[in-house]
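> Here you go, work_7.pdb (PDB, C-alpha atoms, pLDDT in the B column):
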```
ATOM      1  CA  MET B   1     121.662  87.162 114.945  1.00 95.00           C
ATOM      2  CA  LEU B   2     118.178  86.639 113.465  1.00 98.00           C
ATOM      3  CA  THR B   3     116.379  89.960 113.801  1.00 98.00           C
ATOM      4  CA  GLU B   4     112.725  90.792 114.254  1.00 98.00           C
ATOM      5  CA  LYS B   5     112.675  91.756 110.561  1.00 98.00           C
ATOM      6  CA  PHE B   6     113.956  88.287 109.651  1.00 98.00           C
ATOM      7  CA  HIS B   7     111.054  86.795 111.562  1.00 98.00           C
ATOM      8  CA  ASP B   8     108.680  89.274 109.858  1.00 98.00           C
ATOM      9  CA  VAL B   9     109.824  87.943 106.477  1.00 98.00           C
ATOM     10  CA  LEU B  10     108.994  84.397 107.515  1.00 98.00           C
ATOM     11  CA  ASN B  11     105.435  85.489 108.267  1.00 98.00           C
ATOM     12  CA  HIS B  12     104.965  86.121 104.542  1.00 98.00           C
ATOM     13  CA  GLU B  13     104.998  83.415 101.910  1.00 98.00           C
ATOM     14  CA  GLY B  14     107.845  83.182  99.446  1.00 98.00           C
ATOM     15  CA  VAL B  15     110.633  81.103  98.010  1.00 98.00           C
ATOM     16  CA  VAL B  16     113.611  80.089 100.158  1.00 98.00           C
ATOM     17  CA  SER B  17     116.881  79.056  98.535  1.00 98.00           C
ATOM     18  CA  VAL B  18     119.449  76.718 100.042  1.00 98.00           C
ATOM     19  CA  VAL B  19     122.818  76.376  98.289  1.00 98.00           C
ATOM     20  CA  THR B  20     125.310  73.619  99.071  1.00 98.00           C
ATOM     21  CA  TRP B  21     128.435  72.829  97.105  1.00 98.00           C
ATOM     22  CA  THR B  22     131.515  70.812  96.437  1.00 95.00           C
ATOM     23  CA  PRO B  23     134.519  72.052  94.453  1.00 92.00           C
ATOM     24  CA  ALA B  24     132.875  70.515  91.378  1.00 93.00           C
ATOM     25  CA  GLU B  25     129.588  72.462  91.472  1.00 96.00           C
ATOM     26  CA  PRO B  26     126.891  74.025  93.623  1.00 98.00           C
ATOM     27  CA  HIS B  27     123.322  72.790  94.050  1.00 98.00           C
ATOM     28  CA  ILE B  28     120.316  74.931  94.841  1.00 98.00           C
ATOM     29  CA  THR B  29     117.204  73.572  96.527  1.00 97.00           C
ATOM     30  CA  ASN B  30     114.100  75.554  97.360  1.00 97.00           C
ATOM     31  CA  THR B  31     111.313  75.533  99.870  1.00 97.00           C
ATOM     32  CA  TRP B  32     108.677  77.993 101.111  1.00 98.00           C
ATOM     33  CA  ASN B  33     109.078  80.586 103.869  1.00 98.00           C
ATOM     34  CA  SER B  34     106.101  79.071 105.694  1.00 98.00           C
ATOM     35  CA  TYR B  35     107.807  75.659 105.916  1.00 98.00           C
ATOM     36  CA  LEU B  36     110.617  76.949 108.117  1.00 98.00           C
ATOM     37  CA  THR B  37     110.862  76.575 111.876  1.00 98.00           C
ATOM     38  CA  VAL B  38     113.282  78.775 113.801  1.00 98.00           C
ATOM     39  CA  THR B  39     114.303  77.285 117.128  1.00 98.00           C
ATOM     40  CA  ASP B  40     114.847  79.374 120.259  1.00 97.00           C
ATOM     41  CA  ASP B  41     118.609  79.037 119.775  1.00 98.00           C
ATOM     42  CA  GLU B  42     118.294  80.273 116.147  1.00 98.00           C
ATOM     43  CA  ARG B  43     118.718  77.085 114.206  1.00 98.00           C
ATOM     44  CA  ILE B  44     116.501  76.834 111.105  1.00 98.00           C
ATOM     45  CA  LEU B  45     114.654  73.566 110.520  1.00 98.00           C
ATOM     46  CA  ILE B  46     113.503  72.723 106.992  1.00 98.00           C
ATOM     47  CA  PRO B  47     111.360  69.715 106.031  1.00 98.00           C
ATOM     48  CA  ALA B  48     113.450  67.797 103.505  1.00 96.00           C
ATOM     49  CA  ALA B  49     111.660  65.572 101.033  1.00 91.00           C
ATOM     50  CA  GLY B  50     114.204  65.797  98.252  1.00 86.00           C
ATOM     51  CA  PHE B  51     117.428  67.663  99.020  1.00 90.00           C
ATOM     52  CA  THR B  52     119.403  64.619  97.860  1.00 92.00           C
ATOM     53  CA  HIS B  53     122.074  66.700  96.128  1.00 93.00           C
ATOM     54  CA  ALA B  54     122.450  68.757  99.302  1.00 93.00           C
ATOM     55  CA  GLU B  55     122.948  65.578 101.288  1.00 92.00           C
ATOM     56  CA  ASP B  56     125.590  64.335  98.868  1.00 94.00           C
ATOM     57  CA  ASP B  57     127.411  67.681  99.035  1.00 95.00           C
ATOM     58  CA  LEU B  58     127.340  67.570 102.803  1.00 94.00           C
ATOM     59  CA  ALA B  59     129.572  64.497 102.809  1.00 92.00           C
ATOM     60  CA  GLN B  60     132.327  66.796 101.488  1.00 95.00           C
ATOM     61  CA  ASN B  61     131.341  70.227 102.757  1.00 97.00           C
ATOM     62  CA  ASN B  62     128.805  71.254 105.387  1.00 97.00           C
ATOM     63  CA  GLN B  63     128.730  74.958 104.502  1.00 98.00           C
ATOM     64  CA  VAL B  64     125.487  76.451 103.268  1.00 98.00           C
ATOM     65  CA  LEU B  65     124.158  79.677 101.768  1.00 98.00           C
ATOM     66  CA  PHE B  66     120.544  80.512 102.510  1.00 98.00           C
ATOM     67  CA  THR B  67     118.358  83.339 101.206  1.00 98.00           C
ATOM     68  CA  VAL B  68     114.814  84.376 102.030  1.00 98.00           C
ATOM     69  CA  GLY B  69     112.802  87.502 101.310  1.00 98.00           C
ATOM     70  CA  ALA B  70     109.381  89.086 101.187  1.00 98.00           C
ATOM     71  CA  ARG B  71     108.165  91.978  99.105  1.00 97.00           C
ATOM     72  CA  GLU B  72     105.598  92.771 101.814  1.00 98.00           C
ATOM     73  CA  VAL B  73     108.193  93.652 104.487  1.00 98.00           C
ATOM     74  CA  GLU B  74     109.781  97.086 104.395  1.00 98.00           C
ATOM     75  CA  GLY B  75     113.513  97.219 103.817  1.00 98.00           C
ATOM     76  CA  ARG B  76     115.928 100.068 104.435  1.00 97.00           C
ATOM     77  CA  ASP B  77     115.058 103.667 103.545  1.00 97.00           C
ATOM     78  CA  GLY B  78     111.408 102.817 102.986  1.00 97.00           C
ATOM     79  CA  TYR B  79     112.128 100.334 100.173  1.00 96.00           C
ATOM     80  CA  GLN B  80     109.180  97.980  99.691  1.00 97.00           C
ATOM     81  CA  GLY B  81     110.652  94.548 100.244  1.00 98.00           C
ATOM     82  CA  THR B  82     113.544  93.019 102.055  1.00 98.00           C
ATOM     83  CA  GLY B  83     115.588  89.861 102.159  1.00 98.00           C
ATOM     84  CA  PHE B  84     118.357  88.131 104.025  1.00 98.00           C
ATOM     85  CA  ARG B  85     121.382  86.098 103.090  1.00 98.00           C
ATOM     86  CA  LEU B  86     122.743  83.727 105.697  1.00 98.00           C
ATOM     87  CA  THR B  87     125.857  81.638 105.810  1.00 98.00           C
ATOM     88  CA  GLY B  88     126.052  78.643 108.076  1.00 98.00           C
ATOM     89  CA  THR B  89     126.517  74.956 108.451  1.00 98.00           C
ATOM     90  CA  VAL B  90     124.030  72.256 107.685  1.00 97.00           C
ATOM     91  CA  ARG B  91     123.236  68.762 108.827  1.00 97.00           C
ATOM     92  CA  PHE B  92     120.417  66.306 108.225  1.00 97.00           C
ATOM     93  CA  VAL B  93     118.441  65.011 111.174  1.00 98.00           C
ATOM     94  CA  ASP B  94     116.198  61.947 111.041  1.00 97.00           C
ATOM     95  CA  GLU B  95     115.376  61.281 114.663  1.00 98.00           C
ATOM     96  CA  GLY B  96     114.566  63.046 117.890  1.00 98.00           C
ATOM     97  CA  GLN B  97     111.892  65.440 119.064  1.00 98.00           C
ATOM     98  CA  GLU B  98     112.574  68.202 116.536  1.00 98.00           C
ATOM     99  CA  PHE B  99     112.466  65.722 113.661  1.00 98.00           C
ATOM    100  CA  ASN B 100     109.215  64.283 115.019  1.00 98.00           C
ATOM    101  CA  ASP B 101     107.669  67.743 115.394  1.00 98.00           C
ATOM    102  CA  VAL B 102     108.493  68.724 111.804  1.00 98.00           C
ATOM    103  CA  LYS B 103     107.356  65.347 110.463  1.00 98.00           C
ATOM    104  CA  ALA B 104     104.031  65.725 112.267  1.00 98.00           C
ATOM    105  CA  LYS B 105     103.390  68.877 110.199  1.00 97.00           C
ATOM    106  CA  TYR B 106     104.947  67.559 106.965  1.00 97.00           C
ATOM    107  CA  PRO B 107     104.447  63.774 106.853  1.00 96.00           C
ATOM    108  CA  PHE B 108     106.071  63.552 103.408  1.00 93.00           C
ATOM    109  CA  ILE B 109     109.551  64.347 104.704  1.00 95.00           C
ATOM    110  CA  ARG B 110     112.562  62.081 104.721  1.00 93.00           C
ATOM    111  CA  LYS B 111     114.715  64.153 107.049  1.00 97.00           C
ATOM    112  CA  VAL B 112     114.990  67.599 108.575  1.00 98.00           C
ATOM    113  CA  LEU B 113     117.640  69.890 107.177  1.00 98.00           C
ATOM    114  CA  GLU B 114     119.033  71.893 110.069  1.00 98.00           C
ATOM    115  CA  ILE B 115     120.903  75.115 109.375  1.00 98.00           C
ATOM    116  CA  THR B 116     123.044  76.704 112.077  1.00 98.00           C
ATOM    117  CA  PRO B 117     123.672  80.287 110.899  1.00 98.00           C
ATOM    118  CA  THR B 118     127.117  81.827 111.299  1.00 98.00           C
ATOM    119  CA  SER B 119     126.191  85.155 109.676  1.00 98.00           C
ATOM    120  CA  ALA B 120     122.993  86.895 108.609  1.00 98.00           C
ATOM    121  CA  LYS B 121     122.892  89.984 106.400  1.00 98.00           C
ATOM    122  CA  GLN B 122     119.852  92.089 105.595  1.00 98.00           C
ATOM    123  CA  LEU B 123     120.208  92.804 101.877  1.00 97.00           C
ATOM    124  CA  LEU B 124     117.720  95.598 101.305  1.00 95.00           C
TER     125      LEU B 124
ATOM    126  CA  MET P   1     111.896  75.743  76.874  1.00 95.00           C
ATOM    127  CA  LEU P   2     110.144  78.367  79.042  1.00 98.00           C
ATOM    128  CA  THR P   3     106.561  77.176  79.426  1.00 98.00           C
ATOM    129  CA  GLU P   4     103.334  79.093  79.928  1.00 98.00           C
ATOM    130  CA  LYS P   5     103.516  78.085  83.603  1.00 98.00           C
ATOM    131  CA  PHE P   6     106.967  79.648  83.875  1.00 98.00           C
ATOM    132  CA  HIS P   7     105.509  82.889  82.554  1.00 98.00           C
ATOM    133  CA  ASP P   8     102.572  82.526  84.990  1.00 98.00           C
ATOM    134  CA  VAL P   9     105.061  82.419  87.861  1.00 98.00           C
ATOM    135  CA  LEU P  10     106.644  85.668  86.708  1.00 98.00           C
ATOM    136  CA  ASN P  11     103.233  87.345  86.925  1.00 98.00           C
ATOM    137  CA  HIS P  12     103.363  86.868  90.702  1.00 98.00           C
ATOM    138  CA  GLU P  13     105.835  88.573  92.991  1.00 98.00           C
ATOM    139  CA  GLY P  14     108.558  86.586  94.707  1.00 98.00           C
ATOM    140  CA  VAL P  15     112.248  86.079  95.250  1.00 98.00           C
ATOM    141  CA  VAL P  16     114.506  85.001  92.385  1.00 98.00           C
ATOM    142  CA  SER P  17     117.867  83.375  93.086  1.00 98.00           C
ATOM    143  CA  VAL P  18     120.896  83.484  90.812  1.00 98.00           C
ATOM    144  CA  VAL P  19     123.882  81.292  91.692  1.00 98.00           C
ATOM    145  CA  THR P  20     127.300  81.683  90.096  1.00 98.00           C
ATOM    146  CA  TRP P  21     130.472  79.972  91.196  1.00 98.00           C
ATOM    147  CA  THR P  22     134.150  79.281  90.939  1.00 95.00           C
ATOM    148  CA  PRO P  23     135.874  76.168  92.290  1.00 92.00           C
ATOM    149  CA  ALA P  24     136.486  78.129  95.522  1.00 93.00           C
ATOM    150  CA  GLU P  25     132.867  78.934  96.361  1.00 96.00           C
ATOM    151  CA  PRO P  26     129.418  79.834  95.051  1.00 98.00           C
ATOM    152  CA  HIS P  27     127.644  83.172  95.354  1.00 98.00           C
ATOM    153  CA  ILE P  28     123.917  83.738  95.471  1.00 98.00           C
ATOM    154  CA  THR P  29     122.275  86.982  94.445  1.00 97.00           C
ATOM    155  CA  ASN P  30     118.575  87.711  94.549  1.00 97.00           C
ATOM    156  CA  THR P  31     116.053  89.830  92.762  1.00 97.00           C
ATOM    157  CA  TRP P  32     112.260  89.954  92.401  1.00 98.00           C
ATOM    158  CA  ASN P  33     110.132  88.050  89.893  1.00 98.00           C
ATOM    159  CA  SER P  34     108.652  91.338  88.679  1.00 98.00           C
ATOM    160  CA  TYR P  35     112.099  92.698  87.751  1.00 98.00           C
ATOM    161  CA  LEU P  36     112.689  90.053  85.071  1.00 98.00           C
ATOM    162  CA  THR P  37     112.221  90.517  81.358  1.00 98.00           C
ATOM    163  CA  VAL P  38     111.992  87.442  79.125  1.00 98.00           C
ATOM    164  CA  THR P  39     112.927  88.139  75.521  1.00 98.00           C
ATOM    165  CA  ASP P  40     111.160  86.549  72.566  1.00 97.00           C
ATOM    166  CA  ASP P  41     114.128  84.199  72.118  1.00 98.00           C
ATOM    167  CA  GLU P  42     113.928  83.186  75.812  1.00 98.00           C
ATOM    168  CA  ARG P  43     116.820  85.034  77.310  1.00 98.00           C
ATOM    169  CA  ILE P  44     116.180  86.434  80.795  1.00 98.00           C
ATOM    170  CA  LEU P  45     117.236  90.012  81.491  1.00 98.00           C
ATOM    171  CA  ILE P  46     117.836  91.077  85.099  1.00 98.00           C
ATOM    172  CA  PRO P  47     118.595  94.624  86.270  1.00 98.00           C
ATOM    173  CA  ALA P  48     121.957  94.380  88.050  1.00 96.00           C
ATOM    174  CA  ALA P  49     122.795  96.990  90.650  1.00 91.00           C
ATOM    175  CA  GLY P  50     125.053  94.833  92.772  1.00 86.00           C
ATOM    176  CA  PHE P  51     125.863  91.372  91.439  1.00 91.00           C
ATOM    177  CA  THR P  52     129.577  92.152  91.816  1.00 92.00           C
ATOM    178  CA  HIS P  53     130.427  88.651  93.059  1.00 93.00           C
ATOM    179  CA  ALA P  54     128.553  87.202  90.102  1.00 93.00           C
ATOM    180  CA  GLU P  55     130.590  89.376  87.761  1.00 92.00           C
ATOM    181  CA  ASP P  56     133.838  88.263  89.376  1.00 94.00           C
ATOM    182  CA  ASP P  57     132.794  84.606  89.110  1.00 95.00           C
ATOM    183  CA  LEU P  58     131.949  85.082  85.461  1.00 94.00           C
ATOM    184  CA  ALA P  59     135.583  85.806  84.651  1.00 93.00           C
ATOM    185  CA  GLN P  60     136.253  82.146  85.507  1.00 95.00           C
ATOM    186  CA  ASN P  61     132.947  80.435  84.834  1.00 97.00           C
ATOM    187  CA  ASN P  62     129.890  81.651  82.960  1.00 97.00           C
ATOM    188  CA  GLN P  63     127.522  78.914  84.183  1.00 98.00           C
ATOM    189  CA  VAL P  64     124.536  79.901  86.266  1.00 98.00           C
ATOM    190  CA  LEU P  65     121.772  78.303  88.319  1.00 98.00           C
ATOM    191  CA  PHE P  66     118.502  80.206  88.515  1.00 98.00           C
ATOM    192  CA  THR P  67     115.365  79.511  90.541  1.00 98.00           C
ATOM    193  CA  VAL P  68     112.000  81.224  90.676  1.00 98.00           C
ATOM    194  CA  GLY P  69     108.645  80.251  92.126  1.00 98.00           C
ATOM    195  CA  ALA P  70     105.213  81.390  93.194  1.00 98.00           C
ATOM    196  CA  ARG P  71     102.899  79.915  95.757  1.00 97.00           C
ATOM    197  CA  GLU P  72      99.944  81.320  93.829  1.00 98.00           C
ATOM    198  CA  VAL P  73     100.519  79.171  90.711  1.00 98.00           C
ATOM    199  CA  GLU P  74      99.312  75.574  90.747  1.00 98.00           C
ATOM    200  CA  GLY P  75     101.978  72.912  90.458  1.00 98.00           C
ATOM    201  CA  ARG P  76     101.584  69.251  89.564  1.00 97.00           C
ATOM    202  CA  ASP P  77      98.760  67.119  90.962  1.00 96.00           C
ATOM    203  CA  GLY P  78      96.902  70.158  92.278  1.00 97.00           C
ATOM    204  CA  TYR P  79      99.751  71.236  94.582  1.00 96.00           C
ATOM    205  CA  GLN P  80      99.408  74.890  95.524  1.00 97.00           C
ATOM    206  CA  GLY P  81     102.618  76.455  94.332  1.00 98.00           C
ATOM    207  CA  THR P  82     105.252  75.777  91.750  1.00 98.00           C
ATOM    208  CA  GLY P  83     108.791  76.708  90.892  1.00 98.00           C
ATOM    209  CA  PHE P  84     111.455  76.275  88.269  1.00 98.00           C
ATOM    210  CA  ARG P  85     115.176  75.631  88.272  1.00 98.00           C
ATOM    211  CA  LEU P  86     117.116  76.673  85.218  1.00 98.00           C
ATOM    212  CA  THR P  87     120.684  76.102  84.184  1.00 98.00           C
ATOM    213  CA  GLY P  88     122.317  78.369  81.679  1.00 98.00           C
ATOM    214  CA  THR P  89     125.062  80.770  80.861  1.00 98.00           C
ATOM    215  CA  VAL P  90     125.335  84.359  81.939  1.00 97.00           C
ATOM    216  CA  ARG P  91     126.878  87.554  80.692  1.00 97.00           C
ATOM    217  CA  PHE P  92     126.713  91.190  81.712  1.00 97.00           C
ATOM    218  CA  VAL P  93     125.529  93.743  79.186  1.00 98.00           C
ATOM    219  CA  ASP P  94     126.073  97.488  79.549  1.00 97.00           C
ATOM    220  CA  GLU P  95     125.096  98.867  76.167  1.00 98.00           C
ATOM    221  CA  GLY P  96     122.579  98.429  73.398  1.00 98.00           C
ATOM    222  CA  GLN P  97     118.808  98.603  73.104  1.00 98.00           C
ATOM    223  CA  GLU P  98     118.015  95.894  75.664  1.00 98.00           C
ATOM    224  CA  PHE P  99     120.293  97.504  78.244  1.00 98.00           C
ATOM    225  CA  ASN P 100     118.682 100.882  77.553  1.00 98.00           C
ATOM    226  CA  ASP P 101     115.168  99.437  77.871  1.00 98.00           C
ATOM    227  CA  VAL P 102     115.913  97.832  81.242  1.00 98.00           C
ATOM    228  CA  LYS P 103     117.717 100.931  82.489  1.00 98.00           C
ATOM    229  CA  ALA P 104     114.719 103.081  81.557  1.00 98.00           C
ATOM    230  CA  LYS P 105     112.628 101.010  84.004  1.00 97.00           C
ATOM    231  CA  TYR P 106     115.365 100.624  86.653  1.00 97.00           C
ATOM    232  CA  PRO P 107     117.597 103.729  86.533  1.00 96.00           C
ATOM    233  CA  PHE P 108     119.694 102.454  89.454  1.00 93.00           C
ATOM    234  CA  ILE P 109     121.277  99.624  87.463  1.00 95.00           C
ATOM    235  CA  ARG P 110     124.902  99.257  86.545  1.00 93.00           C
ATOM    236  CA  LYS P 111     124.467  96.507  83.978  1.00 97.00           C
ATOM    237  CA  VAL P 112     121.971  93.952  82.764  1.00 98.00           C
ATOM    238  CA  LEU P 113     122.590  90.364  83.712  1.00 98.00           C
ATOM    239  CA  GLU P 114     121.534  88.235  80.766  1.00 98.00           C
ATOM    240  CA  ILE P 115     120.820  84.544  81.299  1.00 98.00           C
ATOM    241  CA  THR P 116     120.592  82.195  78.325  1.00 98.00           C
ATOM    242  CA  PRO P 117     118.904  79.055  79.654  1.00 98.00           C
ATOM    243  CA  THR P 118     120.149  75.628  78.608  1.00 98.00           C
ATOM    244  CA  SER P 119     117.627  73.667  80.706  1.00 98.00           C
ATOM    245  CA  ALA P 120     114.465  74.470  82.635  1.00 98.00           C
ATOM    246  CA  LYS P 121     112.825  72.071  85.087  1.00 98.00           C
ATOM    247  CA  GLN P 122     109.454  72.522  86.768  1.00 98.00           C
ATOM    248  CA  LEU P 123     110.088  71.390  90.346  1.00 97.00           C
ATOM    249  CA  LEU P 124     106.583  71.007  91.745  1.00 95.00           C
TER     250      LEU P 124
END
```
Can I see the file as structure tokens?


Amino acid sequence: MLTEKFHDVLNHEGVVSVVTWTPAEPHITNTWNSYLTVTDDERILIPAAGFTHAEDDLAQNNQVLFTVGAREVEGRDGYQGTGFRLTGTVRFVDEGQEFNDVKAKYPFIRKVLEITPTSAKQLL
Amino acid sequence: MLTEKFHDVLNHEGVVSVVTWTPAEPHITNTWNSYLTVTDDERILIPAAGFTHAEDDLAQNNQVLFTVGAREVEGRDGYQGTGFRLTGTVRFVDEGQEFNDVKAKYPFIRKVLEITPTSAKQLL
């Protein structure tokens, strides 16, 4: 589901957005492209220092919207820049090897936010 | 409300996120930092080619979440990178001088998405 172009985007720095929500309201939290780890089975691991609203939302709804992009990567029809919007589910992880690996790189984290994509759309 | 650092961020390229929502679900739409115009009275004008979900949401709810960032701009405590999250209200504009000015730069647009911020928080 996650194409070579998706991985290309992650090789360039930029702002990632993660949206979680309850019926009352959505919350958006951001991180950097370079902070992401994509596992072999296409889960996305994000070091989570804050993300407290996302964690509260998760108690009611584990759906997530995720966007990432890079102006440096060519989109369709020669357009300079591309981006992706993913839907998926999210959970917070605070133990285990993957958590330890992310924490070794980002000691400031509280948990790892793990996104399991259910769809991925190239936007440009 | 929009600080010099906010304007600094817009001088670097990156991905902007705009979140609109109804009780059923949120939608996220993206554009590039360089596509934004900030008016003297601190409204943000965004060329809108797609944004159809946002327009549908607006019929029920004109609130918006907006994030923008740049790794190149120094955040707090010497951190390399900063970003902002804004709340505000949104409307679509398809006539008048501001619409014409944006359309002159981006002929592909359908409308201009105008955000009037009600809060702006520097995140890093």

> Using all atoms listed in the file, determine which residues of chain B fall within 10 Å of chain P; present them as a PyMOL selection string.

chain B and resi 13-32+63-72+81-85+123

> Considering all atoms listed in the file, return as a PyMOL selection string whatever protein or nucleic-acid residues lie within 9 Å of Thr37 in chain B, sequence-local ones (same chain, fewer than 6 positions apart) excluded.

chain B and resi 43-46+102

> Least-squares superpose chain P onto chain B - every C-alpha atom, paired in order - and show me the moved coordinates as a compact mmCIF listing (two decimals) with C-alpha atoms, keeping the file's coordinate frame.


```txt
# COMPACT_ATOMS: atom_id res chain seq x y z
CA MET P 1 121.67 87.17 114.91
CA LEU P 2 118.17 86.64 113.47
CA THR P 3 116.38 89.97 113.82
CA GLU P 4 112.72 90.81 114.26
CA LYS P 5 112.67 91.76 110.57
CA PHE P 6 113.95 88.31 109.65
CA HIS P 7 111.05 86.81 111.57
CA ASP P 8 108.68 89.29 109.86
CA VAL P 9 109.82 87.95 106.49
CA LEU P 10 108.99 84.39 107.54
CA ASN P 11 105.43 85.50 108.28
CA HIS P 12 104.96 86.11 104.55
CA GLU P 13 105.00 83.41 101.92
CA GLY P 14 107.84 83.17 99.44
CA VAL P 15 110.63 81.09 98.00
CA VAL P 16 113.61 80.08 100.15
CA SER P 17 116.89 79.06 98.54
CA VAL P 18 119.46 76.72 100.04
CA VAL P 19 122.82 76.37 98.29
CA THR P 20 125.31 73.63 99.08
CA TRP P 21 128.43 72.83 97.12
CA THR P 22 131.53 70.82 96.44
CA PRO P 23 134.52 72.05 94.44
CA ALA P 24 132.87 70.50 91.36
CA GLU P 25 129.60 72.44 91.46
CA PRO P 26 126.89 74.00 93.62
CA HIS P 27 123.32 72.79 94.05
CA ILE P 28 120.31 74.92 94.85
CA THR P 29 117.21 73.57 96.53
CA ASN P 30 114.11 75.55 97.36
CA THR P 31 111.33 75.55 99.88
CA TRP P 32 108.68 77.99 101.12
CA ASN P 33 109.07 80.59 103.87
CA SER P 34 106.09 79.08 105.69
CA TYR P 35 107.79 75.67 105.91
CA LEU P 36 110.62 76.95 108.12
CA THR P 37 110.85 76.58 111.87
CA VAL P 38 113.29 78.77 113.80
CA THR P 39 114.31 77.30 117.14
CA ASP P 40 114.84 79.38 120.26
CA ASP P 41 118.61 79.04 119.78
CA GLU P 42 118.29 80.26 116.16
CA ARG P 43 118.71 77.09 114.21
CA ILE P 44 116.50 76.83 111.11
CA LEU P 45 114.66 73.57 110.53
CA ILE P 46 113.51 72.72 106.99
CA PRO P 47 111.37 69.72 106.01
CA ALA P 48 113.46 67.79 103.49
CA ALA P 49 111.67 65.56 101.02
CA GLY P 50 114.22 65.80 98.24
CA PHE P 51 117.44 67.65 99.01
CA THR P 52 119.41 64.60 97.86
CA HIS P 53 122.09 66.70 96.13
CA ALA P 54 122.45 68.75 99.29
CA GLU P 55 122.94 65.57 101.29
CA ASP P 56 125.59 64.33 98.87
CA ASP P 57 127.40 67.68 99.03
CA LEU P 58 127.34 67.57 102.80
CA ALA P 59 129.57 64.50 102.80
CA GLN P 60 132.32 66.80 101.48
CA ASN P 61 131.33 70.22 102.74
CA ASN P 62 128.81 71.23 105.38
CA GLN P 63 128.72 74.95 104.49
CA VAL P 64 125.49 76.44 103.26
CA LEU P 65 124.16 79.67 101.77
CA PHE P 66 120.54 80.52 102.52
CA THR P 67 118.35 83.34 101.23
CA VAL P 68 114.81 84.38 102.04
CA GLY P 69 112.79 87.50 101.32
CA ALA P 70 109.38 89.09 101.20
CA ARG P 71 108.17 91.97 99.12
CA GLU P 72 105.60 92.77 101.80
CA VAL P 73 108.19 93.66 104.49
CA GLU P 74 109.77 97.10 104.40
CA GLY P 75 113.50 97.21 103.81
CA ARG P 76 115.92 100.07 104.43
CA ASP P 77 115.06 103.67 103.53
CA GLY P 78 111.40 102.83 102.97
CA TYR P 79 112.12 100.33 100.18
CA GLN P 80 109.19 97.98 99.69
CA GLY P 81 110.65 94.55 100.24
CA THR P 82 113.55 93.02 102.06
CA GLY P 83 115.58 89.87 102.16
CA PHE P 84 118.35 88.14 104.03
CA ARG P 85 121.38 86.09 103.10
CA LEU P 86 122.74 83.73 105.71
CA THR P 87 125.86 81.63 105.82
CA GLY P 88 126.04 78.64 108.08
CA THR P 89 126.52 74.95 108.45
CA VAL P 90 124.03 72.25 107.68
CA ARG P 91 123.23 68.75 108.83
CA PHE P 92 120.42 66.31 108.22
CA VAL P 93 118.45 65.01 111.17
CA ASP P 94 116.21 61.94 111.05
CA GLU P 95 115.38 61.29 114.68
CA GLY P 96 114.57 63.05 117.90
CA GLN P 97 111.89 65.45 119.08
CA GLU P 98 112.57 68.21 116.53
CA PHE P 99 112.47 65.73 113.66
CA ASN P 100 109.22 64.29 115.01
CA ASP P 101 107.67 67.75 115.39
CA VAL P 102 108.49 68.73 111.80
CA LYS P 103 107.36 65.36 110.47
CA ALA P 104 104.03 65.74 112.27
CA LYS P 105 103.41 68.89 110.19
CA TYR P 106 104.96 67.57 106.95
CA PRO P 107 104.44 63.78 106.84
CA PHE P 108 106.09 63.56 103.40
CA ILE P 109 109.57 64.37 104.70
CA ARG P 110 112.57 62.10 104.71
CA LYS P 111 114.72 64.16 107.04
CA VAL P 112 114.99 67.60 108.56
CA LEU P 113 117.64 69.89 107.16
CA GLU P 114 119.03 71.88 110.06
CA ILE P 115 120.91 75.11 109.37
CA THR P 116 123.03 76.70 112.08
CA PRO P 117 123.67 80.26 110.90
CA THR P 118 127.10 81.82 111.30
CA SER P 119 126.18 85.16 109.68
CA ALA P 120 122.98 86.89 108.62
CA LYS P 121 122.89 89.98 106.40
CA GLN P 122 119.84 92.09 105.60
CA LEU P 123 120.22 92.82 101.89
CA LEU P 124 117.71 95.60 101.31
```

> What does the structure give for the distance between CA of Gly50 in chain B and CA of Phe92 in chain B, in Å to one decimal?

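Computing it gives 11.8 Å between the two atoms.
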
> Quick one, how far is CA of Pro117 in chain B from CA of Asn62 in chain P?

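Between these atoms lies a distance of 28.7 Å.
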
> To one decimal place, how far is CA of Leu124 in chain P from CA of Gln80 in chain P in Å?

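Between CA of Leu124 in chain P and CA of Gln80 in chain P the gap is 9.0 Å.
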
> If you apply the PyMOL selection byres ((chain P and resi 120) around 7) to this file, what residues do you get, as a VMD selection string?

chain P and resid 1 to 2 84 to 87 119 121 to 122

> Each side padded by 3 Å, which centre and which edge lengths in Å (one decimal) define the axis-aligned box around the listed atoms of range 107-122 of chain B? Give them as AutoDock Vina command-line options.


```
--center_x 115.8 --center_y 77.1 --center_z 107.7 --size_x 28.7 --size_y 36.0 --size_z 14.7
```
